[in-house]
file protein-v3.txt (compact mmCIF, N, CA and C atoms)
# COMPACT_ATOMS: atom_id res chain seq x y z
N MET G 17 10.51 20.67 34.54
CA MET G 17 10.13 19.91 33.35
C MET G 17 9.27 18.72 33.77
N ASN G 18 8.14 18.59 33.14
CA ASN G 18 7.26 17.47 33.44
C ASN G 18 7.82 16.19 32.82
N SER G 19 7.80 15.13 33.60
CA SER G 19 8.28 13.87 33.05
C SER G 19 7.11 13.17 32.35
N ILE G 20 7.44 12.51 31.26
CA ILE G 20 6.43 11.74 30.54
C ILE G 20 6.92 10.31 30.46
N SER G 21 6.01 9.41 30.19
CA SER G 21 6.36 8.00 30.16
C SER G 21 7.32 7.72 29.00
N LYS G 22 8.08 6.66 29.16
CA LYS G 22 9.02 6.27 28.12
C LYS G 22 8.30 5.92 26.82
N SER G 23 7.15 5.27 26.94
CA SER G 23 6.42 4.89 25.73
C SER G 23 5.91 6.13 25.00
N ARG G 24 5.43 7.12 25.74
CA ARG G 24 4.97 8.37 25.12
C ARG G 24 6.14 9.09 24.46
N LEU G 25 7.28 9.13 25.14
CA LEU G 25 8.46 9.80 24.60
C LEU G 25 8.93 9.11 23.32
N TRP G 26 9.00 7.77 23.32
CA TRP G 26 9.46 7.05 22.14
C TRP G 26 8.47 7.13 21.00
N THR G 27 7.19 7.16 21.32
CA THR G 27 6.19 7.35 20.27
C THR G 27 6.37 8.70 19.61
N ALA G 28 6.58 9.73 20.42
CA ALA G 28 6.81 11.08 19.90
C ALA G 28 8.09 11.13 19.07
N ARG G 29 9.13 10.48 19.53
CA ARG G 29 10.39 10.47 18.79
C ARG G 29 10.24 9.78 17.44
N ILE G 30 9.52 8.67 17.41
CA ILE G 30 9.32 7.95 16.15
C ILE G 30 8.47 8.79 15.19
N MET G 31 7.43 9.40 15.71
CA MET G 31 6.57 10.24 14.87
C MET G 31 7.36 11.40 14.27
N SER G 32 8.08 12.12 15.12
CA SER G 32 8.85 13.26 14.60
C SER G 32 10.00 12.78 13.72
N GLY G 33 10.58 11.63 14.05
CA GLY G 33 11.65 11.09 13.23
C GLY G 33 11.21 10.78 11.82
N LEU G 34 10.01 10.25 11.67
CA LEU G 34 9.48 9.97 10.34
C LEU G 34 9.33 11.25 9.53
N VAL G 35 8.81 12.30 10.17
CA VAL G 35 8.65 13.59 9.49
C VAL G 35 10.02 14.14 9.09
N ILE G 36 10.95 14.12 10.03
CA ILE G 36 12.28 14.67 9.78
C ILE G 36 12.98 13.91 8.65
N LEU G 37 12.95 12.58 8.71
CA LEU G 37 13.61 11.79 7.67
C LEU G 37 12.99 12.04 6.29
N PHE G 38 11.67 12.05 6.21
CA PHE G 38 11.04 12.30 4.93
C PHE G 38 11.40 13.67 4.39
N MET G 39 11.30 14.68 5.26
CA MET G 39 11.57 16.05 4.81
C MET G 39 13.04 16.27 4.45
N LEU G 40 13.96 15.65 5.20
CA LEU G 40 15.37 15.76 4.84
C LEU G 40 15.62 15.13 3.47
N PHE G 41 15.07 13.95 3.27
CA PHE G 41 15.19 13.26 1.99
C PHE G 41 14.62 14.13 0.87
N ASP G 42 13.43 14.66 1.07
CA ASP G 42 12.77 15.49 0.07
C ASP G 42 13.58 16.75 -0.22
N SER G 43 14.02 17.43 0.81
CA SER G 43 14.75 18.70 0.64
C SER G 43 16.11 18.48 -0.02
N ILE G 44 16.84 17.48 0.41
CA ILE G 44 18.17 17.22 -0.15
C ILE G 44 18.07 16.85 -1.62
N PHE G 45 17.07 16.06 -1.97
CA PHE G 45 16.92 15.69 -3.38
C PHE G 45 16.51 16.87 -4.25
N LYS G 46 15.96 17.90 -3.66
CA LYS G 46 15.66 19.11 -4.43
C LYS G 46 16.96 19.84 -4.78
N PHE G 47 18.01 19.66 -3.99
CA PHE G 47 19.31 20.24 -4.30
C PHE G 47 20.10 19.36 -5.26
N ILE G 48 20.03 18.05 -5.10
CA ILE G 48 20.74 17.11 -5.96
C ILE G 48 20.13 17.11 -7.36
N GLN G 49 18.83 17.25 -7.44
CA GLN G 49 18.05 17.35 -8.67
C GLN G 49 18.20 16.15 -9.61
N PRO G 50 17.93 14.94 -9.13
CA PRO G 50 17.90 13.80 -10.08
C PRO G 50 16.74 13.99 -11.05
N ALA G 51 16.82 13.32 -12.18
CA ALA G 51 15.82 13.48 -13.25
C ALA G 51 14.38 13.31 -12.77
N PRO G 52 14.04 12.28 -11.95
CA PRO G 52 12.64 12.14 -11.53
C PRO G 52 12.14 13.33 -10.70
N VAL G 53 13.02 13.93 -9.91
CA VAL G 53 12.61 15.09 -9.10
C VAL G 53 12.35 16.29 -10.01
N VAL G 54 13.23 16.50 -10.97
CA VAL G 54 13.05 17.62 -11.90
C VAL G 54 11.78 17.42 -12.72
N GLU G 55 11.56 16.21 -13.22
CA GLU G 55 10.37 15.91 -14.01
C GLU G 55 9.10 16.12 -13.19
N GLY G 56 9.11 15.63 -11.95
CA GLY G 56 7.95 15.81 -11.08
C GLY G 56 7.66 17.27 -10.79
N THR G 57 8.70 18.03 -10.60
CA THR G 57 8.55 19.46 -10.33
C THR G 57 7.95 20.17 -11.54
N LEU G 58 8.45 19.84 -12.71
CA LEU G 58 7.92 20.44 -13.93
C LEU G 58 6.46 20.06 -14.15
N GLN G 59 6.11 18.81 -13.85
CA GLN G 59 4.72 18.36 -14.00
C GLN G 59 3.79 19.08 -13.04
N LEU G 60 4.32 19.48 -11.89
CA LEU G 60 3.50 20.21 -10.91
C LEU G 60 3.36 21.69 -11.25
N GLY G 61 4.04 22.12 -12.30
CA GLY G 61 3.89 23.50 -12.75
C GLY G 61 4.96 24.45 -12.26
N TYR G 62 6.02 23.92 -11.65
CA TYR G 62 7.12 24.75 -11.18
C TYR G 62 8.30 24.62 -12.13
N ALA G 63 9.11 25.66 -12.22
CA ALA G 63 10.32 25.62 -13.04
C ALA G 63 11.45 24.97 -12.25
N GLN G 64 12.45 24.49 -12.96
CA GLN G 64 13.57 23.81 -12.31
C GLN G 64 14.30 24.74 -11.34
N HIS G 65 14.36 26.02 -11.65
CA HIS G 65 15.06 26.95 -10.75
C HIS G 65 14.31 27.15 -9.43
N HIS G 66 13.09 26.70 -9.34
CA HIS G 66 12.34 26.79 -8.08
C HIS G 66 12.78 25.71 -7.08
N LEU G 67 13.41 24.66 -7.56
CA LEU G 67 13.79 23.55 -6.69
C LEU G 67 14.67 23.99 -5.52
N ALA G 68 15.63 24.84 -5.78
CA ALA G 68 16.53 25.29 -4.71
C ALA G 68 15.77 26.07 -3.64
N VAL G 69 14.85 26.91 -4.06
CA VAL G 69 14.06 27.71 -3.10
C VAL G 69 13.16 26.79 -2.28
N ILE G 70 12.47 25.87 -2.94
CA ILE G 70 11.59 24.94 -2.23
C ILE G 70 12.40 24.06 -1.29
N GLY G 71 13.54 23.57 -1.77
CA GLY G 71 14.41 22.75 -0.94
C GLY G 71 14.93 23.49 0.28
N THR G 72 15.30 24.75 0.10
CA THR G 72 15.79 25.57 1.21
C THR G 72 14.70 25.79 2.25
N LEU G 73 13.51 26.12 1.80
CA LEU G 73 12.39 26.33 2.73
C LEU G 73 12.08 25.07 3.51
N GLY G 74 12.05 23.94 2.82
CA GLY G 74 11.78 22.67 3.50
C GLY G 74 12.89 22.31 4.48
N LEU G 75 14.14 22.52 4.07
CA LEU G 75 15.28 22.16 4.92
C LEU G 75 15.35 23.03 6.18
N ILE G 76 15.17 24.33 6.02
CA ILE G 76 15.19 25.22 7.19
C ILE G 76 14.07 24.86 8.16
N SER G 77 12.88 24.65 7.64
CA SER G 77 11.74 24.28 8.49
C SER G 77 12.00 22.97 9.22
N THR G 78 12.59 22.02 8.52
CA THR G 78 12.86 20.71 9.11
C THR G 78 13.93 20.80 10.18
N ILE G 79 14.98 21.55 9.93
CA ILE G 79 16.04 21.72 10.93
C ILE G 79 15.48 22.37 12.18
N LEU G 80 14.66 23.40 12.00
CA LEU G 80 14.05 24.05 13.16
C LEU G 80 13.15 23.07 13.92
N TYR G 81 12.43 22.22 13.20
CA TYR G 81 11.57 21.23 13.83
C TYR G 81 12.40 20.19 14.59
N ALA G 82 13.56 19.84 14.07
CA ALA G 82 14.39 18.80 14.68
C ALA G 82 15.07 19.26 15.97
N ILE G 83 15.22 20.56 16.15
CA ILE G 83 15.85 21.10 17.35
C ILE G 83 14.77 21.28 18.41
N PRO G 84 14.88 20.61 19.55
CA PRO G 84 13.80 20.68 20.55
C PRO G 84 13.39 22.10 20.94
N ARG G 85 14.32 22.99 21.08
CA ARG G 85 14.01 24.36 21.50
C ARG G 85 13.20 25.13 20.46
N THR G 86 13.37 24.79 19.18
CA THR G 86 12.67 25.50 18.11
C THR G 86 11.65 24.61 17.38
N ALA G 87 11.32 23.46 17.97
CA ALA G 87 10.42 22.50 17.31
C ALA G 87 9.05 23.10 17.01
N PHE G 88 8.53 23.92 17.91
CA PHE G 88 7.21 24.51 17.69
C PHE G 88 7.23 25.43 16.48
N LEU G 89 8.25 26.29 16.39
CA LEU G 89 8.40 27.17 15.23
C LEU G 89 8.56 26.35 13.96
N GLY G 90 9.37 25.30 14.03
CA GLY G 90 9.55 24.43 12.87
C GLY G 90 8.24 23.79 12.43
N ALA G 91 7.43 23.37 13.40
CA ALA G 91 6.13 22.76 13.07
C ALA G 91 5.21 23.78 12.40
N VAL G 92 5.24 25.01 12.86
CA VAL G 92 4.42 26.06 12.23
C VAL G 92 4.88 26.27 10.78
N LEU G 93 6.19 26.36 10.58
CA LEU G 93 6.71 26.56 9.23
C LEU G 93 6.44 25.35 8.33
N LEU G 94 6.59 24.15 8.88
CA LEU G 94 6.28 22.95 8.10
C LEU G 94 4.80 22.91 7.72
N THR G 95 3.94 23.38 8.61
CA THR G 95 2.51 23.42 8.32
C THR G 95 2.24 24.31 7.11
N GLY G 96 2.90 25.45 7.05
CA GLY G 96 2.78 26.32 5.88
C GLY G 96 3.30 25.64 4.61
N TYR G 97 4.44 24.98 4.73
CA TYR G 97 5.03 24.25 3.62
C TYR G 97 4.07 23.16 3.13
N PHE G 98 3.51 22.42 4.07
CA PHE G 98 2.55 21.37 3.72
C PHE G 98 1.30 21.95 3.06
N GLY G 99 0.89 23.12 3.52
CA GLY G 99 -0.28 23.77 2.90
C GLY G 99 -0.03 24.08 1.43
N GLY G 100 1.18 24.51 1.12
CA GLY G 100 1.53 24.76 -0.28
C GLY G 100 1.50 23.48 -1.10
N ALA G 101 1.97 22.39 -0.51
CA ALA G 101 1.95 21.10 -1.20
C ALA G 101 0.51 20.65 -1.45
N ILE G 102 -0.34 20.85 -0.46
CA ILE G 102 -1.75 20.48 -0.62
C ILE G 102 -2.38 21.30 -1.75
N ALA G 103 -2.14 22.61 -1.74
CA ALA G 103 -2.71 23.48 -2.77
C ALA G 103 -2.23 23.07 -4.16
N THR G 104 -0.94 22.73 -4.27
CA THR G 104 -0.39 22.31 -5.55
C THR G 104 -1.08 21.04 -6.05
N HIS G 105 -1.25 20.08 -5.17
CA HIS G 105 -1.86 18.81 -5.58
C HIS G 105 -3.35 18.97 -5.90
N ILE G 106 -4.03 19.84 -5.19
CA ILE G 106 -5.44 20.10 -5.52
C ILE G 106 -5.53 20.74 -6.89
N ARG G 107 -4.64 21.69 -7.15
CA ARG G 107 -4.63 22.38 -8.44
C ARG G 107 -4.37 21.42 -9.59
N MET G 108 -3.61 20.37 -9.32
CA MET G 108 -3.27 19.39 -10.35
C MET G 108 -4.28 18.23 -10.42
N ASP G 109 -5.34 18.29 -9.62
CA ASP G 109 -6.33 17.22 -9.56
C ASP G 109 -5.68 15.87 -9.24
N ALA G 110 -4.73 15.88 -8.32
CA ALA G 110 -4.03 14.66 -7.90
C ALA G 110 -4.97 13.80 -7.06
N PRO G 111 -4.66 12.51 -6.95
CA PRO G 111 -5.49 11.62 -6.12
C PRO G 111 -5.54 12.11 -4.67
N LEU G 112 -6.71 12.02 -4.08
CA LEU G 112 -6.94 12.59 -2.75
C LEU G 112 -6.10 11.94 -1.66
N PHE G 113 -6.24 10.64 -1.45
CA PHE G 113 -5.64 10.00 -0.29
C PHE G 113 -4.13 9.82 -0.41
N SER G 114 -3.63 9.63 -1.61
CA SER G 114 -2.19 9.38 -1.77
C SER G 114 -1.38 10.66 -1.98
N HIS G 115 -1.95 11.69 -2.56
CA HIS G 115 -1.19 12.89 -2.89
C HIS G 115 -1.66 14.12 -2.10
N VAL G 116 -2.94 14.44 -2.22
CA VAL G 116 -3.46 15.65 -1.59
C VAL G 116 -3.35 15.56 -0.07
N LEU G 117 -3.70 14.44 0.51
CA LEU G 117 -3.70 14.32 1.97
C LEU G 117 -2.37 13.87 2.56
N PHE G 118 -1.39 13.50 1.75
CA PHE G 118 -0.10 13.07 2.30
C PHE G 118 0.53 14.15 3.18
N PRO G 119 0.53 15.43 2.77
CA PRO G 119 1.06 16.46 3.67
C PRO G 119 0.26 16.57 4.98
N VAL G 120 -1.01 16.28 4.93
CA VAL G 120 -1.82 16.29 6.16
C VAL G 120 -1.35 15.18 7.09
N TYR G 121 -1.04 14.02 6.53
CA TYR G 121 -0.53 12.92 7.35
C TYR G 121 0.77 13.33 8.04
N LEU G 122 1.65 14.00 7.30
CA LEU G 122 2.92 14.46 7.88
C LEU G 122 2.68 15.50 8.97
N ALA G 123 1.74 16.40 8.72
CA ALA G 123 1.44 17.44 9.72
C ALA G 123 0.86 16.82 10.99
N VAL G 124 0.02 15.82 10.85
CA VAL G 124 -0.54 15.14 12.03
C VAL G 124 0.58 14.47 12.82
N LEU G 125 1.52 13.84 12.13
CA LEU G 125 2.66 13.24 12.82
C LEU G 125 3.50 14.30 13.52
N ALA G 126 3.78 15.40 12.83
CA ALA G 126 4.62 16.46 13.40
C ALA G 126 3.97 17.07 14.64
N TRP G 127 2.73 17.47 14.52
CA TRP G 127 2.04 18.10 15.65
C TRP G 127 1.71 17.08 16.73
N GLY G 128 1.40 15.86 16.33
CA GLY G 128 1.14 14.81 17.31
C GLY G 128 2.35 14.55 18.18
N ALA G 129 3.52 14.55 17.59
CA ALA G 129 4.75 14.34 18.36
C ALA G 129 4.96 15.47 19.37
N ILE G 130 4.73 16.70 18.94
CA ILE G 130 4.85 17.83 19.87
C ILE G 130 3.81 17.71 20.98
N TRP G 131 2.60 17.35 20.61
CA TRP G 131 1.53 17.21 21.59
C TRP G 131 1.88 16.15 22.63
N LEU G 132 2.45 15.05 22.19
CA LEU G 132 2.78 13.96 23.11
C LEU G 132 3.87 14.33 24.12
N ARG G 133 4.83 15.13 23.70
CA ARG G 133 5.96 15.40 24.59
C ARG G 133 5.94 16.77 25.25
N ASN G 134 4.94 17.60 24.94
CA ASN G 134 4.94 18.96 25.47
C ASN G 134 3.63 19.25 26.20
N GLU G 135 3.73 19.46 27.50
CA GLU G 135 2.55 19.73 28.34
C GLU G 135 1.83 21.00 27.90
N ARG G 136 2.57 22.02 27.53
CA ARG G 136 1.93 23.27 27.08
C ARG G 136 1.12 23.06 25.81
N ALA G 137 1.61 22.21 24.92
CA ALA G 137 0.85 21.91 23.70
C ALA G 137 -0.43 21.16 24.04
N ARG G 138 -0.36 20.25 25.02
CA ARG G 138 -1.57 19.52 25.43
C ARG G 138 -2.59 20.45 26.07
N LYS G 139 -2.13 21.47 26.77
CA LYS G 139 -3.06 22.45 27.35
C LYS G 139 -3.64 23.35 26.26
N LEU G 140 -2.83 23.66 25.27
CA LEU G 140 -3.28 24.50 24.16
C LEU G 140 -4.29 23.77 23.29
N ILE G 141 -4.08 22.47 23.09
CA ILE G 141 -4.95 21.65 22.25
C ILE G 141 -5.43 20.46 23.06
N PRO G 142 -6.39 20.67 23.94
CA PRO G 142 -6.85 19.54 24.77
C PRO G 142 -7.71 18.60 23.93
N LEU G 143 -7.45 17.31 24.07
CA LEU G 143 -8.24 16.33 23.34
C LEU G 143 -9.33 15.71 24.19
N GLN G 144 -9.44 16.18 25.40
CA GLN G 144 -10.50 15.69 26.28
C GLN G 144 -11.01 16.86 27.11
N ASN G 145 -12.22 16.74 27.56
CA ASN G 145 -12.81 17.76 28.40
C ASN G 145 -12.30 17.57 29.84
N ARG G 146 -11.64 18.56 30.38
CA ARG G 146 -11.04 18.43 31.72
C ARG G 146 -12.06 18.66 32.83
N GLU G 147 -13.27 19.04 32.48
CA GLU G 147 -14.29 19.29 33.50
C GLU G 147 -14.89 17.99 34.04
N ASN G 148 -14.78 16.93 33.30
CA ASN G 148 -15.37 15.64 33.74
C ASN G 148 -14.46 14.90 34.66
call {"tool": "encode", "arguments": {"input": "protein-v3.txt", "output": "structure tokens"}}
result
Amino acid sequence: MNSISKSRLWTARIMSGLVILFMLFDSIFKFIQPAPVVEGTLQLGYAQHHLAVIGTLGLISTILYAIPRTAFLGAVLLTGYFGGAIATHIRMDAPLFSHVLFPVYLAVLAWGAIWLRNERARKLIPLQNREN
């Protein structure tokens, strides 16, 4: 196992922690179904019975992302989940930076955290030219 600096490790932990906390909050509230969540879901064009399915998909993806051994699979699944959120907000003509791109911000945090702590991810997605 390649060792990484403490600052890189803590940056990755904070980035992934933000994604995990937001997604846990979002998924759990889809099961609790307070009035604002139900109203928001209906405004987005989904029926109330869709909340459990959406919450389950988000929760499973988040749990997989939170487990180091399955974090890559979780990130892939979260990326699909975020893509659906983006498509929904585009369809609703939602504001670009606050609604449409918010899932992109989460995806950047999720993948950025994996990139920071995983050497194989850095080789897969190099951010610099190694020939120089």
call {"tool": "select_by_dssp", "arguments": {"input": "protein-v3.txt", "residues": "chain G", "states": "alpha helix (DSSP H)", "output": "PyMOL selection string"}}
result
chain G and resi 22-48+51-59+66-82+87-107+118-133+135-140
call {"tool": "residues_around", "arguments": {"input": "protein-v3.txt", "residues": "segment 134-138 of chain G", "least_positions_apart": "2", "cutoff": "10 Å", "atoms": "only C-alpha atoms", "output": "PDB file with N, CA and C atoms, in the frame of the given file"}}
result
ATOM      1  N   MET G  17      10.510  20.670  34.540  1.00  0.00           N
ATOM      2  CA  MET G  17      10.130  19.910  33.350  1.00  0.00           C
ATOM      3  C   MET G  17       9.270  18.720  33.770  1.00  0.00           C
ATOM      4  N   ASN G  18       8.140  18.590  33.140  1.00  0.00           N
ATOM      5  CA  ASN G  18       7.260  17.470  33.440  1.00  0.00           C
ATOM      6  C   ASN G  18       7.820  16.190  32.820  1.00  0.00           C
ATOM      7  N   SER G  19       7.800  15.130  33.600  1.00  0.00           N
ATOM      8  CA  SER G  19       8.280  13.870  33.050  1.00  0.00           C
ATOM      9  C   SER G  19       7.110  13.170  32.350  1.00  0.00           C
ATOM     10  N   ILE G  20       7.440  12.510  31.260  1.00  0.00           N
ATOM     11  CA  ILE G  20       6.430  11.740  30.540  1.00  0.00           C
ATOM     12  C   ILE G  20       6.920  10.310  30.460  1.00  0.00           C
ATOM     13  N   LEU G  25       7.280   9.130  25.140  1.00  0.00           N
ATOM     14  CA  LEU G  25       8.460   9.800  24.600  1.00  0.00           C
ATOM     15  C   LEU G  25       8.930   9.110  23.320  1.00  0.00           C
ATOM     16  N   ALA G  28       6.580   9.730  20.420  1.00  0.00           N
ATOM     17  CA  ALA G  28       6.810  11.080  19.900  1.00  0.00           C
ATOM     18  C   ALA G  28       8.090  11.130  19.070  1.00  0.00           C
ATOM     19  N   PHE G  88       8.530  23.920  17.910  1.00  0.00           N
ATOM     20  CA  PHE G  88       7.210  24.510  17.690  1.00  0.00           C
ATOM     21  C   PHE G  88       7.230  25.430  16.480  1.00  0.00           C
ATOM     22  N   TRP G 127       2.730  17.470  14.520  1.00  0.00           N
ATOM     23  CA  TRP G 127       2.040  18.100  15.650  1.00  0.00           C
ATOM     24  C   TRP G 127       1.710  17.080  16.730  1.00  0.00           C
ATOM     25  N   GLY G 128       1.400  15.860  16.330  1.00  0.00           N
ATOM     26  CA  GLY G 128       1.140  14.810  17.310  1.00  0.00           C
ATOM     27  C   GLY G 128       2.350  14.550  18.180  1.00  0.00           C
ATOM     28  N   ALA G 129       3.520  14.550  17.590  1.00  0.00           N
ATOM     29  CA  ALA G 129       4.750  14.340  18.360  1.00  0.00           C
ATOM     30  C   ALA G 129       4.960  15.470  19.370  1.00  0.00           C
ATOM     31  N   ILE G 130       4.730  16.700  18.940  1.00  0.00           N
ATOM     32  CA  ILE G 130       4.850  17.830  19.870  1.00  0.00           C
ATOM     33  C   ILE G 130       3.810  17.710  20.980  1.00  0.00           C
ATOM     34  N   TRP G 131       2.600  17.350  20.610  1.00  0.00           N
ATOM     35  CA  TRP G 131       1.530  17.210  21.590  1.00  0.00           C
ATOM     36  C   TRP G 131       1.880  16.150  22.630  1.00  0.00           C
ATOM     37  N   LEU G 132       2.450  15.050  22.190  1.00  0.00           N
ATOM     38  CA  LEU G 132       2.780  13.960  23.110  1.00  0.00           C
ATOM     39  C   LEU G 132       3.870  14.330  24.120  1.00  0.00           C
ATOM     40  N   LEU G 140      -2.830  23.660  25.270  1.00  0.00           N
ATOM     41  CA  LEU G 140      -3.280  24.500  24.160  1.00  0.00           C
ATOM     42  C   LEU G 140      -4.290  23.770  23.290  1.00  0.00           C
ATOM     43  N   ILE G 141      -4.080  22.470  23.090  1.00  0.00           N
ATOM     44  CA  ILE G 141      -4.950  21.650  22.250  1.00  0.00           C
ATOM     45  C   ILE G 141      -5.430  20.460  23.060  1.00  0.00           C
ATOM     46  N   PRO G 142      -6.390  20.670  23.940  1.00  0.00           N
ATOM     47  CA  PRO G 142      -6.850  19.540  24.770  1.00  0.00           C
ATOM     48  C   PRO G 142      -7.710  18.600  23.930  1.00  0.00           C
ATOM     49  N   LEU G 143      -7.450  17.310  24.070  1.00  0.00           N
ATOM     50  CA  LEU G 143      -8.240  16.330  23.340  1.00  0.00           C
ATOM     51  C   LEU G 143      -9.330  15.710  24.190  1.00  0.00           C
ATOM     52  N   GLN G 144      -9.440  16.180  25.400  1.00  0.00           N
ATOM     53  CA  GLN G 144     -10.500  15.690  26.280  1.00  0.00           C
ATOM     54  C   GLN G 144     -11.010  16.860  27.110  1.00  0.00           C
TER      55      GLN G 144
END
call {"tool": "closest_residue", "arguments": {"input": "protein-v3.txt", "among": "G:Tyr81, G:Phe47, G:Thr57, G:Phe38", "to": "Pro119 of chain G", "atoms": "only C-alpha atoms"}}
result
G:Phe38
call {"tool": "closest_residue", "arguments": {"input": "protein-v3.txt", "among": "G:Leu34, G:Leu112, G:Leu89, G:Leu40", "to": "Gly74 of chain G", "atoms": "all atoms listed in the file"}}
result
G:Leu40
call {"tool": "residues_around", "arguments": {"input": "protein-v3.txt", "residues": "segment 99-105 of chain G", "least_positions_apart": "4", "cutoff": "6 Å", "atoms": "only N, CA and C atoms", "output": "list in words"}}
result
Leu94, Thr95, Asp109, Ala110, His115 and Val116 of chain G
call {"tool": "residues_near_point", "arguments": {"input": "protein-v3.txt", "point": "(12.7, 18.8, 16.6)", "cutoff": "12 Å", "atoms": "only C-alpha atoms", "output": "MDAnalysis selection string"}}
result
chainID G and resid 28:37 76:92 94 126:127 129:130 133:134
call {"tool": "atom_distance", "arguments": {"input": "protein-v3.txt", "atom1": "atom C of Phe113 of chain G", "atom2": "atom CA of His65 of chain G"}}
result
27.7 Å
call {"tool": "atom_distance", "arguments": {"input": "protein-v3.txt", "atom1": "atom N of Gln64 of chain G", "atom2": "atom CA of Val124 of chain G"}}
result
29.7 Å
call {"tool": "closest_residue", "arguments": {"input": "protein-v3.txt", "among": "G:Gly61, G:Leu93, G:Val69, G:Ala123", "to": "Met108 of chain G", "atoms": "only C-alpha atoms"}}
result
G:Gly61
call {"tool": "atom_distance", "arguments": {"input": "protein-v3.txt", "atom1": "atom CA of Ala68 of chain G", "atom2": "atom C of Ile44 of chain G"}}
result
9.1 Å
